[in-house]
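Pasting my_file_0.pdb here (PDB, C-alpha atoms and all ligand atoms):
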ATOM      1  CA  MET A 179      34.074  41.711  18.354
ATOM      2  CA  SER A 180      30.698  43.455  18.000
ATOM      3  CA  ASN A 181      30.252  42.346  14.382
ATOM      4  CA  PHE A 182      31.088  38.716  15.065
ATOM      5  CA  PRO A 183      29.491  36.415  14.019
ATOM      6  CA  MET A 184      28.832  38.359  10.821
ATOM      7  CA  VAL A 185      26.073  36.063   9.705
ATOM      8  CA  ARG A 186      23.445  35.020  12.219
ATOM      9  CA  MET A 187      21.295  32.193  10.886
ATOM     10  CA  ARG A 188      19.220  32.266  14.068
ATOM     11  CA  ARG A 189      17.704  35.670  13.151
ATOM     12  CA  THR A 190      15.077  34.067  10.925
ATOM     13  CA  ARG A 191      14.384  31.232  13.345
ATOM     14  CA  GLN A 192      13.159  33.382  16.207
ATOM     15  CA  ASN A 193       9.452  32.773  15.884
ATOM     16  CA  GLU A 194       6.982  30.773  13.843
ATOM     17  CA  ARG A 195       6.043  33.722  11.598
ATOM     18  CA  LEU A 196       9.628  34.230  10.518
ATOM     19  CA  ARG A 197      10.185  30.514  10.175
ATOM     20  CA  ALA A 198       7.107  30.213   7.966
ATOM     21  CA  LEU A 199       8.356  33.028   5.713
ATOM     22  CA  VAL A 200      11.651  31.290   5.030
ATOM     23  CA  ARG A 201      10.213  27.763   4.795
ATOM     24  CA  GLU A 202      11.242  26.108   1.526
ATOM     25  CA  THR A 203       9.063  23.005   1.425
ATOM     26  CA  HIS A 204       5.348  22.723   2.114
ATOM     27  CA  LEU A 205       2.930  19.891   2.624
ATOM     28  CA  SER A 206      -0.542  20.458   1.294
ATOM     29  CA  VAL A 207      -3.464  18.073   1.223
ATOM     30  CA  ASP A 208      -3.610  18.524  -2.595
ATOM     31  CA  GLN A 209      -0.456  16.433  -2.886
ATOM     32  CA  PHE A 210      -1.806  13.312  -1.204
ATOM     33  CA  ILE A 211      -3.027  10.019  -2.604
ATOM     34  CA  TYR A 212      -4.541   7.471  -0.197
ATOM     35  CA  PRO A 213      -4.175   3.729  -0.922
ATOM     36  CA  LEU A 214      -7.238   1.563  -0.203
ATOM     37  CA  PHE A 215      -7.710  -2.209  -0.190
ATOM     38  CA  VAL A 216     -11.049  -3.577  -1.306
ATOM     39  CA  ALA A 217     -11.730  -7.272  -0.827
ATOM     40  CA  GLU A 218     -14.321  -9.562  -2.327
ATOM     41  CA  GLY A 219     -16.477 -11.765  -0.102
ATOM     42  CA  ILE A 220     -16.081  -9.994   3.247
ATOM     43  CA  GLN A 221     -18.870  -8.285   5.198
ATOM     44  CA  GLU A 222     -16.850  -6.368   7.781
ATOM     45  CA  PRO A 223     -13.614  -4.378   7.519
ATOM     46  CA  GLN A 224     -10.672  -6.767   8.064
ATOM     47  CA  PRO A 225      -7.809  -5.245  10.055
ATOM     48  CA  ILE A 226      -4.270  -5.762   8.708
ATOM     49  CA  SER A 227      -2.302  -6.782  11.790
ATOM     50  CA  SER A 228       0.999  -5.384  10.539
ATOM     51  CA  MET A 229      -0.570  -2.040   9.520
ATOM     52  CA  PRO A 230      -2.481  -0.639  12.511
ATOM     53  CA  GLY A 231      -5.324   1.586  11.305
ATOM     54  CA  ILE A 232      -5.465   0.055   7.807
ATOM     55  CA  VAL A 233      -8.141  -2.454   6.794
ATOM     56  CA  GLN A 234      -9.432  -4.373   3.811
ATOM     57  CA  TRP A 235     -12.802  -2.874   2.922
ATOM     58  CA  PRO A 236     -15.908  -4.713   1.781
ATOM     59  CA  LEU A 237     -17.479  -3.151  -1.311
ATOM     60  CA  GLU A 238     -20.539  -2.169   0.721
ATOM     61  CA  LEU A 239     -18.548   0.127   3.029
ATOM     62  CA  LEU A 240     -16.066   1.529   0.514
ATOM     63  CA  GLY A 241     -18.244   4.445  -0.566
ATOM     64  CA  ARG A 242     -18.652   5.685   2.985
ATOM     65  CA  GLU A 243     -14.911   5.521   3.599
ATOM     66  CA  VAL A 244     -14.131   7.445   0.405
ATOM     67  CA  GLU A 245     -16.722  10.073   1.365
ATOM     68  CA  ARG A 246     -14.714  10.531   4.566
ATOM     69  CA  ILE A 247     -11.512  10.860   2.516
ATOM     70  CA  ALA A 248     -13.199  13.447   0.286
ATOM     71  CA  SER A 249     -14.423  15.407   3.295
ATOM     72  CA  LEU A 250     -10.807  15.703   4.456
ATOM     73  CA  GLY A 251      -9.903  17.308   1.126
ATOM     74  CA  ILE A 252      -7.792  14.395  -0.151
ATOM     75  CA  PRO A 253      -8.045  14.505  -3.949
ATOM     76  CA  ALA A 254      -7.292  10.891  -4.889
ATOM     77  CA  VAL A 255      -7.403   7.260  -3.814
ATOM     78  CA  LEU A 256      -5.286   4.407  -5.186
ATOM     79  CA  LEU A 257      -7.242   1.150  -5.250
ATOM     80  CA  PHE A 258      -5.941  -2.372  -4.730
ATOM     81  CA  GLY A 259      -8.266  -5.334  -5.213
ATOM     82  CA  ILE A 260      -8.264  -8.649  -3.379
ATOM     83  CA  PRO A 261     -10.317 -11.083  -5.455
ATOM     84  CA  GLY A 262     -12.364 -14.024  -4.158
ATOM     85  CA  GLU A 263     -10.694 -16.387  -6.640
ATOM     86  CA  LYS A 264      -7.133 -16.514  -7.921
ATOM     87  CA  ASP A 265      -5.742 -18.513 -10.848
ATOM     88  CA  ALA A 266      -2.544 -18.875 -12.858
ATOM     89  CA  VAL A 267      -3.327 -15.997 -15.240
ATOM     90  CA  GLY A 268      -5.073 -13.644 -12.814
ATOM     91  CA  SER A 269      -8.412 -13.732 -14.649
ATOM     92  CA  GLN A 270     -10.158 -11.607 -12.026
ATOM     93  CA  ALA A 271      -7.736  -8.772 -12.699
ATOM     94  CA  TYR A 272      -9.382  -7.970 -16.029
ATOM     95  CA  ALA A 273     -12.920  -9.321 -15.453
ATOM     96  CA  SER A 274     -15.573  -6.675 -16.041
ATOM     97  CA  GLU A 275     -17.332  -7.825 -12.838
ATOM     98  CA  GLY A 276     -14.103  -8.133 -10.858
ATOM     99  CA  ILE A 277     -13.920  -6.593  -7.401
ATOM    100  CA  ILE A 278     -11.909  -3.595  -8.515
ATOM    101  CA  GLN A 279     -14.095  -2.886 -11.552
ATOM    102  CA  GLN A 280     -17.159  -2.929  -9.285
ATOM    103  CA  ALA A 281     -15.405  -0.671  -6.791
ATOM    104  CA  ILE A 282     -14.508   1.876  -9.483
ATOM    105  CA  ARG A 283     -18.086   2.046 -10.784
ATOM    106  CA  LEU A 284     -19.432   2.412  -7.266
ATOM    107  CA  LEU A 285     -17.022   5.211  -6.355
ATOM    108  CA  LYS A 286     -17.548   7.143  -9.577
ATOM    109  CA  ALA A 287     -21.300   7.025  -8.908
ATOM    110  CA  GLN A 288     -21.163   7.752  -5.181
ATOM    111  CA  VAL A 289     -18.165  10.091  -4.782
ATOM    112  CA  PRO A 290     -17.573  11.450  -8.302
ATOM    113  CA  ASP A 291     -15.174  14.219  -7.276
ATOM    114  CA  VAL A 292     -12.475  11.965  -5.854
ATOM    115  CA  LEU A 293      -9.932  10.813  -8.436
ATOM    116  CA  VAL A 294      -9.942   7.034  -8.663
ATOM    117  CA  MET A 295      -6.489   5.669  -9.434
ATOM    118  CA  THR A 296      -5.852   1.951  -9.753
ATOM    119  CA  ASP A 297      -2.828  -0.258  -9.286
ATOM    120  CA  VAL A 298      -2.259  -2.385 -12.379
ATOM    121  CA  CYS A 299      -0.451  -5.589 -11.457
ATOM    122  CA  LEU A 300      -1.313  -9.285 -11.472
ATOM    123  CA  CYS A 301       0.206 -10.308  -8.121
ATOM    124  CA  GLU A 302      -2.999  -9.958  -6.094
ATOM    125  CA  TYR A 303      -4.868 -12.020  -8.685
ATOM    126  CA  THR A 304      -2.500 -14.893  -9.468
ATOM    127  CA  ASP A 305      -2.414 -18.054  -7.360
ATOM    128  CA  HIS A 306       1.405 -18.001  -7.534
ATOM    129  CA  GLY A 307       1.556 -14.362  -6.392
ATOM    130  CA  HIS A 308       3.867 -13.100  -9.151
ATOM    131  CA  CYS A 309       3.232  -9.910 -11.100
ATOM    132  CA  GLY A 310       3.043 -11.651 -14.491
ATOM    133  CA  VAL A 311       2.299 -15.087 -15.927
ATOM    134  CA  ILE A 312       4.683 -17.989 -15.355
ATOM    135  CA  HIS A 313       6.294 -20.193 -17.969
ATOM    136  CA  ASN A 314       8.892 -22.814 -17.097
ATOM    137  CA  GLY A 315       9.292 -21.284 -13.678
ATOM    138  CA  THR A 316       9.983 -17.751 -14.864
ATOM    139  CA  VAL A 317       7.789 -14.675 -15.220
ATOM    140  CA  GLU A 318       7.095 -14.301 -18.937
ATOM    141  CA  ASN A 319       7.418 -10.680 -19.974
ATOM    142  CA  ASP A 320       5.665 -10.326 -23.307
ATOM    143  CA  GLU A 321       2.752 -12.616 -22.514
ATOM    144  CA  SER A 322       2.097 -10.649 -19.355
ATOM    145  CA  LEU A 323       1.919  -7.380 -21.283
ATOM    146  CA  SER A 324      -1.354  -8.109 -23.029
ATOM    147  CA  LEU A 325      -2.976  -9.148 -19.730
ATOM    148  CA  LEU A 326      -1.740  -6.017 -17.971
ATOM    149  CA  ALA A 327      -3.042  -3.861 -20.817
ATOM    150  CA  GLN A 328      -6.407  -5.660 -20.628
ATOM    151  CA  MET A 329      -6.463  -5.029 -16.896
ATOM    152  CA  ALA A 330      -5.778  -1.313 -17.333
ATOM    153  CA  LEU A 331      -8.432  -1.054 -20.042
ATOM    154  CA  SER A 332     -11.032  -2.763 -17.830
ATOM    155  CA  HIS A 333     -10.299  -0.226 -15.082
ATOM    156  CA  VAL A 334     -10.633   2.713 -17.427
ATOM    157  CA  GLU A 335     -13.829   1.301 -18.959
ATOM    158  CA  ALA A 336     -15.236   1.064 -15.420
ATOM    159  CA  GLY A 337     -14.393   4.750 -14.909
ATOM    160  CA  ALA A 338     -10.861   4.921 -13.451
ATOM    161  CA  ASP A 339      -9.338   8.400 -13.775
ATOM    162  CA  LEU A 340      -5.733   7.180 -13.926
ATOM    163  CA  VAL A 341      -3.955   3.816 -14.072
ATOM    164  CA  ALA A 342      -0.716   2.992 -12.274
ATOM    165  CA  PRO A 343       1.184  -0.051 -13.562
ATOM    166  CA  SER A 344       3.358  -1.525 -10.787
ATOM    167  CA  ASP A 345       4.342  -4.853 -12.310
ATOM    168  CA  MET A 346       7.778  -3.844 -13.707
ATOM    169  CA  MET A 347       7.454  -5.838 -16.946
ATOM    170  CA  ASP A 348       9.419  -4.261 -19.801
ATOM    171  CA  GLY A 349       7.207  -2.365 -22.205
ATOM    172  CA  ARG A 350       4.074  -2.274 -20.077
ATOM    173  CA  VAL A 351       3.569   1.474 -20.200
ATOM    174  CA  GLY A 352       3.645   1.388 -23.999
ATOM    175  CA  ALA A 353       1.359  -1.636 -24.161
ATOM    176  CA  ILE A 354      -1.172   0.038 -21.872
ATOM    177  CA  ARG A 355      -0.958   3.410 -23.662
ATOM    178  CA  HIS A 356      -1.504   1.706 -27.007
ATOM    179  CA  LEU A 357      -4.571  -0.267 -25.918
ATOM    180  CA  LEU A 358      -6.153   2.693 -24.110
ATOM    181  CA  ASP A 359      -5.676   4.919 -27.175
ATOM    182  CA  GLU A 360      -7.106   2.256 -29.448
ATOM    183  CA  HIS A 361     -10.269   2.278 -27.341
ATOM    184  CA  GLY A 362     -10.645   6.029 -27.305
ATOM    185  CA  PHE A 363      -9.097   6.676 -23.895
ATOM    186  CA  GLN A 364      -6.328   8.987 -25.108
ATOM    187  CA  GLN A 365      -7.054  11.324 -22.200
ATOM    188  CA  THR A 366      -6.463   8.845 -19.377
ATOM    189  CA  PRO A 367      -3.091   9.447 -17.697
ATOM    190  CA  ILE A 368      -0.615   6.735 -16.736
ATOM    191  CA  MET A 369       1.367   7.000 -13.523
ATOM    192  CA  ALA A 370       4.216   4.550 -13.992
ATOM    193  CA  TYR A 371       5.886   2.858 -11.053
ATOM    194  CA  SER A 372       9.131   3.528 -12.933
ATOM    195  CA  ALA A 373      11.822   3.047 -10.310
ATOM    196  CA  LYS A 374      10.270   0.300  -8.246
ATOM    197  CA  PHE A 375      12.816  -1.521  -6.155
ATOM    198  CA  ALA A 376      12.721  -5.128  -4.903
ATOM    199  CA  SER A 377      12.191  -4.064  -1.319
ATOM    200  CA  GLY A 378      11.721  -5.605   2.108
ATOM    201  CA  PHE A 379       9.561  -2.585   2.896
ATOM    202  CA  TYR A 380       6.622  -4.157   1.019
ATOM    203  CA  GLY A 381       6.256  -6.880   3.668
ATOM    204  CA  PRO A 382       3.138  -5.554   5.430
ATOM    205  CA  PHE A 383       1.451  -4.774   2.082
ATOM    206  CA  ARG A 384       1.681  -8.422   1.133
ATOM    207  CA  GLU A 385      -0.391  -9.268   4.196
ATOM    208  CA  ALA A 386      -2.854  -6.503   3.255
ATOM    209  CA  ALA A 387      -3.144  -7.615  -0.365
ATOM    210  CA  GLY A 388      -2.516 -11.347   0.051
ATOM    211  CA  SER A 389       0.105 -11.139  -2.681
ATOM    212  CA  THR A 390       3.177 -12.921  -1.324
ATOM    213  CA  PRO A 391       4.947 -14.843  -4.103
ATOM    214  CA  GLN A 392       4.477 -18.598  -3.566
ATOM    215  CA  PHE A 393       7.969 -19.341  -4.867
ATOM    216  CA  GLY A 394      11.062 -17.239  -5.451
ATOM    217  CA  ASP A 395      10.962 -13.469  -5.164
ATOM    218  CA  ARG A 396      10.504 -10.402  -7.367
ATOM    219  CA  ARG A 397      14.158  -9.710  -8.101
ATOM    220  CA  SER A 398      13.928 -10.776 -11.736
ATOM    221  CA  TYR A 399      11.617  -7.835 -12.455
ATOM    222  CA  GLN A 400      11.826  -5.262  -9.653
ATOM    223  CA  MET A 401      15.010  -3.217  -9.380
ATOM    224  CA  ASP A 402      18.125  -3.896  -7.345
ATOM    225  CA  PRO A 403      18.178  -1.431  -4.396
ATOM    226  CA  ALA A 404      21.801  -0.649  -5.231
ATOM    227  CA  ASN A 405      21.106   0.997  -8.591
ATOM    228  CA  VAL A 406      20.382   4.594  -9.444
ATOM    229  CA  ARG A 407      21.640   4.973 -13.042
ATOM    230  CA  GLU A 408      19.389   2.058 -13.899
ATOM    231  CA  ALA A 409      16.492   3.905 -12.260
ATOM    232  CA  LEU A 410      17.057   6.810 -14.633
ATOM    233  CA  ARG A 411      16.968   4.406 -17.597
ATOM    234  CA  GLU A 412      13.650   3.013 -16.344
ATOM    235  CA  VAL A 413      12.329   6.556 -16.094
ATOM    236  CA  ASP A 414      13.513   7.405 -19.624
ATOM    237  CA  LEU A 415      11.866   4.290 -21.037
ATOM    238  CA  ASP A 416       8.564   4.959 -19.295
ATOM    239  CA  ILE A 417       8.573   8.542 -20.546
ATOM    240  CA  ALA A 418       9.290   7.352 -24.091
ATOM    241  CA  GLU A 419       6.420   4.869 -23.803
ATOM    242  CA  GLY A 420       3.993   7.573 -22.722
ATOM    243  CA  ALA A 421       4.041   7.895 -18.925
ATOM    244  CA  ASP A 422       2.491  11.105 -17.570
ATOM    245  CA  VAL A 423       3.796  10.744 -14.014
ATOM    246  CA  VAL A 424       6.823   8.729 -12.889
ATOM    247  CA  MET A 425       7.119   7.107  -9.498
ATOM    248  CA  VAL A 426       9.900   6.176  -7.140
ATOM    249  CA  LYS A 427       9.111   3.443  -4.643
ATOM    250  CA  PRO A 428       9.797   2.964  -1.749
ATOM    251  CA  ALA A 429      10.549   6.528  -0.694
ATOM    252  CA  LEU A 430      12.656   6.722   2.447
ATOM    253  CA  ALA A 431      15.620   4.572   1.521
ATOM    254  CA  TYR A 432      15.523   6.106  -1.990
ATOM    255  CA  LEU A 433      15.493   9.866  -1.405
ATOM    256  CA  ASP A 434      18.597  10.211  -3.569
ATOM    257  CA  VAL A 435      16.781   8.444  -6.402
ATOM    258  CA  ILE A 436      13.887  10.913  -6.117
ATOM    259  CA  ARG A 437      16.376  13.785  -6.224
ATOM    260  CA  GLN A 438      18.174  12.407  -9.270
ATOM    261  CA  VAL A 439      14.936  11.731 -11.133
ATOM    262  CA  ARG A 440      13.898  15.305 -10.308
ATOM    263  CA  GLU A 441      17.093  16.628 -11.889
ATOM    264  CA  HIS A 442      16.893  14.207 -14.799
ATOM    265  CA  CYS A 443      13.418  14.885 -16.165
ATOM    266  CA  SER A 444      10.606  17.398 -16.029
ATOM    267  CA  LEU A 445       7.675  15.061 -15.418
ATOM    268  CA  PRO A 446       5.692  15.145 -12.191
ATOM    269  CA  ILE A 447       7.136  12.687  -9.674
ATOM    270  CA  ALA A 448       5.135  10.548  -7.277
ATOM    271  CA  ALA A 449       6.784   8.930  -4.269
ATOM    272  CA  TYR A 450       5.246   5.921  -2.525
ATOM    273  CA  ASN A 451       5.739   5.968   1.241
ATOM    274  CA  VAL A 452       5.169   2.208   1.414
ATOM    275  CA  SER A 453       3.657  -0.172   3.937
ATOM    276  CA  GLY A 454       6.861  -1.018   5.817
ATOM    277  CA  GLU A 455       7.672   2.671   6.206
ATOM    278  CA  TYR A 456       4.201   3.149   7.693
ATOM    279  CA  SER A 457       4.422   0.128   9.978
ATOM    280  CA  MET A 458       7.818   1.095  11.414
ATOM    281  CA  ILE A 459       6.502   4.474  12.519
ATOM    282  CA  LYS A 460       3.286   2.957  13.878
ATOM    283  CA  ALA A 461       5.180   0.320  15.853
ATOM    284  CA  ALA A 462       7.606   2.781  17.424
ATOM    285  CA  ALA A 463       4.785   5.194  18.225
ATOM    286  CA  GLN A 464       2.748   2.430  19.869
ATOM    287  CA  GLN A 465       5.732   1.725  22.102
ATOM    288  CA  GLY A 466       5.826   5.393  23.048
ATOM    289  CA  TRP A 467       9.330   5.701  21.618
ATOM    290  CA  ILE A 468       8.636   8.465  19.096
ATOM    291  CA  ASP A 469       6.141  11.267  18.552
ATOM    292  CA  GLU A 470       4.088   9.943  15.642
ATOM    293  CA  GLN A 471       2.710  13.211  14.278
ATOM    294  CA  ARG A 472       6.046  14.945  14.404
ATOM    295  CA  ILE A 473       7.889  12.095  12.712
ATOM    296  CA  VAL A 474       5.280  11.610   9.992
ATOM    297  CA  MET A 475       5.394  15.296   9.090
ATOM    298  CA  GLU A 476       9.188  15.252   9.093
ATOM    299  CA  VAL A 477       9.382  12.155   6.903
ATOM    300  CA  LEU A 478       6.840  13.419   4.367
ATOM    301  CA  THR A 479       8.494  16.835   4.245
ATOM    302  CA  GLY A 480      11.781  15.061   3.541
ATOM    303  CA  ILE A 481      10.256  13.155   0.625
ATOM    304  CA  ARG A 482       8.879  16.406  -0.806
ATOM    305  CA  ARG A 483      12.210  18.166  -0.268
ATOM    306  CA  ALA A 484      13.936  15.367  -2.191
ATOM    307  CA  GLY A 485      11.789  16.353  -5.175
ATOM    308  CA  ALA A 486       8.469  14.481  -5.092
ATOM    309  CA  ASP A 487       5.384  16.368  -6.253
ATOM    310  CA  MET A 488       2.814  13.934  -4.907
ATOM    311  CA  LEU A 489       2.855  11.486  -2.033
ATOM    312  CA  ILE A 490       1.141   8.141  -1.845
ATOM    313  CA  THR A 491       0.838   7.383   1.845
ATOM    314  CA  TYR A 492      -1.271   5.474   4.356
ATOM    315  CA  PHE A 493      -0.907   8.529   6.614
ATOM    316  CA  ALA A 494      -2.901  10.750   4.215
ATOM    317  CA  PRO A 495      -6.070  11.070   6.359
ATOM    318  CA  ASP A 496      -4.018  11.817   9.506
ATOM    319  CA  VAL A 497      -1.963  14.435   7.699
ATOM    320  CA  ALA A 498      -5.085  16.037   6.215
ATOM    321  CA  GLN A 499      -6.438  16.333   9.753
ATOM    322  CA  TRP A 500      -3.184  17.715  11.189
ATOM    323  CA  LEU A 501      -2.854  20.287   8.405
ATOM    324  CA  ARG A 502      -6.243  21.663   9.420
ATOM    325  CA  GLU A 503      -5.376  22.036  13.093
TER     326      GLU A 503
HETATM  327  C1  LIG A 601       1.908  -4.692  -6.461
HETATM  328  C2  LIG A 601       2.294  -3.663  -5.485
HETATM  329  C3  LIG A 601       3.062  -3.786  -4.319
HETATM  330  C4  LIG A 601       3.002  -2.553  -3.669
HETATM  331  C5  LIG A 601       2.272  -1.708  -4.489
HETATM  332  N1  LIG A 601       1.860  -2.407  -5.612
HETATM  333  C6  LIG A 601       3.721  -4.976  -3.711
HETATM  334  C7  LIG A 601       4.851  -5.641  -4.341
HETATM  335  O1  LIG A 601       5.364  -5.249  -5.382
HETATM  336  O2  LIG A 601       5.226  -6.664  -3.779
HETATM  337  C8  LIG A 601       3.612  -2.240  -2.339
HETATM  338  C9  LIG A 601       2.969  -1.116  -1.589
HETATM  339  C10 LIG A 601       3.326  -1.039  -0.151
HETATM  340  O3  LIG A 601       4.207  -1.761   0.362
HETATM  341  O4  LIG A 601       2.717  -0.201   0.515
HETATM  342  N2  LIG A 601       2.889  -5.201  -7.226
END

Any chance you could put this one into structure tokens?
Amino acid sequence: MSNFPMVRMRRTRQNERLRALVRETHLSVDQFIYPLFVAEGIQEPQPISSMPGIVQWPLELLGREVERIASLGIPAVLLFGIPGEKDAVGSQAYASEGIIQQAIRLLKAQVPDVLVMTDVCLCEYTDHGHCGVIHNGTVENDESLSLLAQMALSHVEAGADLVAPSDMMDGRVGAIRHLLDEHGFQQTPIMAYSAKFASGFYGPFREAAGSTPQFGDRRSYQMDPANVREALREVDLDIAEGADVVMVKPALAYLDVIRQVREHCSLPIAAYNVSGEYSMIKAAAQQGWIDEQRIVMEVLTGIRRAGADMLITYFAPDVAQWLRE
């Protein structure tokens, strides 16, 4: 009986030093990307009611906020613009004096060391709230491509370090890569929202970005949550078109997709821990039902363990702080 149990898993769990030695997955501030909303025509930060702690920033205060992000050691921000004016073709998305183009120039001048990444999608800029242009009631793929490529180019011309197309039109990575190369921006990476699912978890974001579709939904271009083989096809296509990083979004209900993409290709993988995932934790924590810090660290570790290299999350500043303590 003395040599039973033969194997004792608890031996390496006895104290934190042993546990740290056998730990398989690590969170480091280097892996974090912080999303930021910048809105035209506001003077004060505008709280997003469904995302406690997240605001829309006026241009005037954006630099100070990104300096704070930099001081926490977070390497990158992902910018979303909320324009003063919307129209059917999202003109402000690719205007050289658009809100996002101004924000990029300001950040590259004021906080040059932080990587400025930008979301490339028309939904915040169109009056109908869809991610492409509309013809006969449907989102027109090929016509949208040239606008999306123009949008990406205008970001890169303003100084963006990386562009992240999230529109889910077919061929957009190739269209963007082609136009950037033509203008001498061969070195600018593309992070493709490759496996982007039509998800209820984007609800709070649509309040933050004012991008709710005015009719219908996004199911004719974003993916069906039921599909994983199709996600791998999306990834393959984006790689063939020139993506440098592929993304899975949302993260929590799609950990198996992250794992399969990890096994399927060798590109870096980004996972987007989206607005609804943030809001659920915030809401439960506010009720005192869960321990926020503990759950956030557990969730983000799980996303990394599934195979993500980098994490886009509204919790980035909190995590940066906790990792220091
Ligand atoms: C734009 C876009 C969305 C998100 C990122 N880029 C919204 C959508 O597709 O409806 C969602 C991010 C989040 O929920 O945090 N297309």

Practice problem: Check which residues satisfy the PyMOL selection byres (((not hetatm)) within 7 of (chain A and resi 601)) in the file shown, then give them as a count of residues only. | Solution: 17

Carefully work through the PyMOL selection byres (((chain A and resi 331) around 10) and not hetatm) for this structure and note down the residues it includes, as a CSV table (one decimal) with C-alpha atoms, in the coordinates of the input.
chain,number,residue,atom,x,y,z
A,272,TYR,CA,-9.4,-8.0,-16.0
A,274,SER,CA,-15.6,-6.7,-16.0
A,298,VAL,CA,-2.3,-2.4,-12.4
A,325,LEU,CA,-3.0,-9.1,-19.7
A,326,LEU,CA,-1.7,-6.0,-18.0
A,327,ALA,CA,-3.0,-3.9,-20.8
A,328,GLN,CA,-6.4,-5.7,-20.6
A,329,MET,CA,-6.5,-5.0,-16.9
A,330,ALA,CA,-5.8,-1.3,-17.3
A,332,SER,CA,-11.0,-2.8,-17.8
A,333,HIS,CA,-10.3,-0.2,-15.1
A,334,VAL,CA,-10.6,2.7,-17.4
A,335,GLU,CA,-13.8,1.3,-19.0
A,336,ALA,CA,-15.2,1.1,-15.4
A,337,GLY,CA,-14.4,4.8,-14.9
A,338,ALA,CA,-10.9,4.9,-13.5
A,341,VAL,CA,-4.0,3.8,-14.1
A,354,ILE,CA,-1.2,0.0,-21.9
A,355,ARG,CA,-1.0,3.4,-23.7
A,357,LEU,CA,-4.6,-0.3,-25.9
A,358,LEU,CA,-6.2,2.7,-24.1
A,359,ASP,CA,-5.7,4.9,-27.2
A,361,HIS,CA,-10.3,2.3,-27.3
A,363,PHE,CA,-9.1,6.7,-23.9

Using only C-alpha atoms, find each residue of range 389-426 of chain A with at least one atom at most 12 Å away from an atom of range 434-448 of chain A; report its shortest atom-to-atom pair and that distance in Å (one decimal), sort the rows by chain and rising residue number, and return the result as a tab-separated table.
residue	atom	partner	partner_atom	distance
A:Pro403	CA	A:Val435	CA	10.2
A:Ala404	CA	A:Val435	CA	10.5
A:Asn405	CA	A:Val435	CA	8.9
A:Val406	CA	A:Val435	CA	6.1
A:Arg407	CA	A:Val435	CA	8.9
A:Glu408	CA	A:Val435	CA	10.2
A:Ala409	CA	A:Val435	CA	7.4
A:Leu410	CA	A:Val439	CA	6.4
A:Arg411	CA	A:Val439	CA	10.0
A:Glu412	CA	A:Val439	CA	10.2
A:Val413	CA	A:Val439	CA	7.6
A:Asp414	CA	A:Cys443	CA	8.2
A:Leu415	CA	A:Cys443	CA	11.8
A:Asp416	CA	A:Leu445	CA	10.9
A:Ile417	CA	A:Leu445	CA	8.3
A:Ala418	CA	A:Cys443	CA	11.7
A:Gly420	CA	A:Leu445	CA	11.1
A:Ala421	CA	A:Leu445	CA	8.8
A:Asp422	CA	A:Leu445	CA	6.9
A:Val423	CA	A:Pro446	CA	5.1
A:Val424	CA	A:Ile447	CA	5.1
A:Met425	CA	A:Ala448	CA	4.6
A:Val426	CA	A:Ile436	CA	6.3

Quiz item: So what do you get for CA of Ile226 in chain A versus CA of Glu263 in chain A, distance-wise?
Solution: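 Going from CA of Ile226 in chain A over to CA of Glu263 in chain A covers 19.7 Å.
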
Quiz prompt | For Gln209 in chain A: contacts at 12 Å, all atoms listed in the file, fewer than 5 positions along chain excluded, given as a PyMOL selection string | solution = chain A and resi 204+251-255+446-450+478-479+481-482+486-491+494+497-498

Exercise. Please measure the separation of CA of Asp395 in chain A and CA of His308 in chain A, giving the value in Å to one decimal.
Key: 8.1 Å

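Going from CA of Leu250 in chain A to CA of Leu340 in chain A covers 20.9 Å.
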
Exercise. Identify all residues satisfying the PyMOL selection byres (((chain A and resi 302) around 10) and not hetatm) in the given file; provide them as a PyMOL selection string.
Key: chain A and resi 258-261+264+268+270-271+298-301+303-309+384+386-391

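For the set A:Leu256, A:Gly352, A:Gln192, A:Ala248, the residue with the smallest atom-to-atom gap to Val207 in chain A is A:Ala248, counting only C-alpha atoms.
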
If the box runs along x, y and z of the file and leaves 8 Å on each side of range 467-477 of chain A, what are its centre and edge lengths in Å, one decimal, as JSON?
{"center_x": 6.0, "center_y": 10.5, "center_z": 14.3, "size_x": 22.7, "size_y": 25.6, "size_z": 30.7}

Quiz item: Which residue out of A:Met458, A:Ile473, A:Leu323, A:Ala431 has the minimum interatomic distance to Val267 in chain A when only C-alpha atoms are used?
Solution: A:Leu323

Quiz prompt | Residue nearest Val294 in chain A - candidates A:Ile459, A:Val216, A:Met184, A:Ile211, atoms counted: all atoms listed in the file | solution =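 Using all atoms listed in the file, the shortest distance to Val294 in chain A belongs to A:Ile211.
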
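Take the candidates A:Ser206, A:Ser398, A:Ser457, A:Gln224 and check each one against Asn319 in chain A using only C-alpha atoms; the shortest distance goes to A:Ser398.
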
Quiz prompt | Pick from A:Met229, A:Val244, A:Met346, A:Leu433 nearest to Glu455 in chain A, counting only C-alpha atoms | solution =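 Ranking A:Met229, A:Val244, A:Met346, A:Leu433 by distance to Glu455 in chain A, first place goes to A:Met229.
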
Quiz item: From the set A:Leu257, A:Val200, A:Ala373, A:Leu240, which residue has the shortest atom-to-atom contact distance to Thr296 in chain A, counting all atoms listed in the file?
Solution: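 Counting all atoms listed in the file, the residue closest to Thr296 in chain A is A:Leu257.
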
Quiz item: Using all atoms listed in the file, which residues sit within 10 Å of Asp320 in chain A once same-chain residues fewer than 4 positions away are excluded, as a ChimeraX atom specification?
Solution: /A:310-311,324-325,347-350,353

Only C-alpha atoms, please: the residues just picked out, written as a short mmCIF file (atom, residue, chain, number, x, y, z; two decimals), in the coordinates of the input.
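As a result, out-v4.cif now contains:
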data_model
loop_
_atom_site.label_atom_id
_atom_site.label_comp_id
_atom_site.auth_asym_id
_atom_site.auth_seq_id
_atom_site.Cartn_x
_atom_site.Cartn_y
_atom_site.Cartn_z
CA GLY A 310 3.04 -11.65 -14.49
CA VAL A 311 2.30 -15.09 -15.93
CA SER A 324 -1.35 -8.11 -23.03
CA LEU A 325 -2.98 -9.15 -19.73
CA MET A 347 7.45 -5.84 -16.95
CA ASP A 348 9.42 -4.26 -19.80
CA GLY A 349 7.21 -2.37 -22.20
CA ARG A 350 4.07 -2.27 -20.08
CA ALA A 353 1.36 -1.64 -24.16
#
